[in-house]
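Written below as structure tokens is the structure these notes are about.
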Amino acid sequence: MVDYRKLLDAFVGAIGRPDLRNPGSPSQGSVGQQAERSATQIAGQTPDQLLQKAKDFAAQHPGLTQTALVGLAGLLFKGRKKSGKLTGNLVKLGGLAVIGGLAYKAYQNQQAVKGATGGEASAPVAPAAGSDEAVAQSALSLPETSRFHPVSQTEDDALLFLRTMVAAAAADGQIDQAERSRIVKGLTEAGIDPEASRWLETEMASPADVEELAAGVNDPDKAAQVYAAARLAIDPDTMQEREFLHQLAEALDLDPAIRSQIDDTAEGLS
């Protein structure tokens, strides 16, 4: 059975990796950094080269499959995210906490806007700049009864956020068969559950559309988290990515002011 929470943690951890656009510039130092370097240098190699690289990595560092998963998952977001700047402390909270914290921070920002204007804001107003620390603080301050808290999230929620992130990454049409092969073989050879790798391969081959993603979302808190997951996955640098986010927000019936807050807060993280 696929551990969707673990896979979501890896996706969010991959976004926190530095220089996703420049995987050929590895850092030197610890074994963990070597693991990252081994994983991120895979991009652009043939499937046979990828397979050998992953086998060598697994043999040399048998205890670091989670690190490998994070690094290899970064291939999915390579070229779709600016240099990762999520702090280690934020990423360590886990994927559900990062997504929930981002959405909750957007709500906090919007409440501050309403308070400053003396009531309902008639149009989105730019919030104070987002930061990893602000999002982490929001995540840590969540009461366990909140719909944004990881305790309130289910495996189905983690699956929904994963599907949203894959769909967002695929929005520009650049995940072709060769790239899917690189990503999935890398995950498999790094020791990741083959069932999880098969799930990812299937999802990348046929990403969910916005109507499918929004179909089971019936409250504004969940809608904000789904949109936050998409916004974490990509920086909307292309027309296709911007259109995907627009259509997703529409399908979720997301408050435009909250969407603006999520966009601006996510921009502060990247």
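For the structure tokens, the naming scheme is as follows: chains receive sequential letters (A, B, ...) according to their order of presentation, residues are indexed from 1 within each chain, and ligands are indexed from 1 in presentation order.
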
Can you tell me which residues surround Met1 (chain A) at a distance of at most 10 Å, considering only C-alpha atoms, apart from same-chain residues fewer than 4 positions away, and format the answer as a tab-separated table (two decimals) with all heavy atoms, in the first residue's frame?
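Okay, out_14.tsv is ready:
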chain	number	residue	atom	x	y	z
A	193	ASP	N	9.30	2.08	-2.31
A	193	ASP	CA	8.27	1.09	-2.55
A	193	ASP	C	7.86	1.09	-4.02
A	193	ASP	O	7.42	2.11	-4.55
A	193	ASP	CB	7.06	1.44	-1.66
A	193	ASP	CG	5.94	0.43	-1.80
A	193	ASP	OD1	6.06	-0.52	-2.59
A	193	ASP	OD2	4.91	0.61	-1.12
A	194	PRO	N	8.00	-0.05	-4.70
A	194	PRO	CA	7.63	-0.10	-6.13
A	194	PRO	C	6.18	0.31	-6.38
A	194	PRO	O	5.86	0.88	-7.43
A	194	PRO	CB	7.85	-1.57	-6.49
A	194	PRO	CG	8.87	-2.05	-5.52
A	194	PRO	CD	8.58	-1.31	-4.24
A	195	GLU	N	5.31	0.04	-5.41
A	195	GLU	CA	3.91	0.42	-5.58
A	195	GLU	C	3.77	1.94	-5.64
A	195	GLU	O	2.98	2.47	-6.43
A	195	GLU	CB	3.05	-0.15	-4.45
A	195	GLU	CG	1.55	0.04	-4.68
A	195	GLU	CD	0.72	-0.63	-3.61
A	195	GLU	OE1	1.29	-1.34	-2.76
A	195	GLU	OE2	-0.51	-0.46	-3.62
A	196	ALA	N	4.54	2.65	-4.81
A	196	ALA	CA	4.52	4.11	-4.85
A	196	ALA	C	5.07	4.63	-6.17
A	196	ALA	O	4.55	5.59	-6.74
A	196	ALA	CB	5.32	4.68	-3.68

- So which residues touch region 248-263 of chain A within 9 Å, counting only C-alpha atoms, skipping near sequence neighbours fewer than 2 positions away, as a PyMOL selection string? chain A and resi 102-103+105-107+109-110+121-127+209-211+213-215+217-220+223-224+226-228+230-231+243-246+265-268

Who sits within 7 Å of Tyr4 (chain A), only C-alpha atoms, same chain under 3 positions skipped, as a short mmCIF file (atom, residue, chain, number, x, y, z; two decimals) with C-alpha atoms, in the first residue's frame:
data_model
loop_
_atom_site.label_atom_id
_atom_site.label_comp_id
_atom_site.auth_asym_id
_atom_site.auth_seq_id
_atom_site.Cartn_x
_atom_site.Cartn_y
_atom_site.Cartn_z
CA LEU A 7 5.48 10.60 -0.56
CA LEU A 8 3.98 14.03 0.14
CA GLU A 155 -4.57 9.57 3.79
CA ALA A 158 -2.50 13.47 1.38
CA LEU A 159 -3.42 11.69 -1.85
#

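CA of Gln111 (chain A) lies 19.3 Å from CA of Thr145 (chain A).
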
message = So that I can check the surroundings of Ile99 (chain A), please list as a ChimeraX atom specification every protein, DNA and RNA residue that reaches within 9 Å of it, counting only C-alpha atoms and ignoring chain neighbours fewer than 4 positions away.
response = /A:12,94-95,103-104,139,148,161,225-226,228-229,232

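You will find CA of Ile234 (chain A) at 19.7 Å from CA of Arg5 (chain A).
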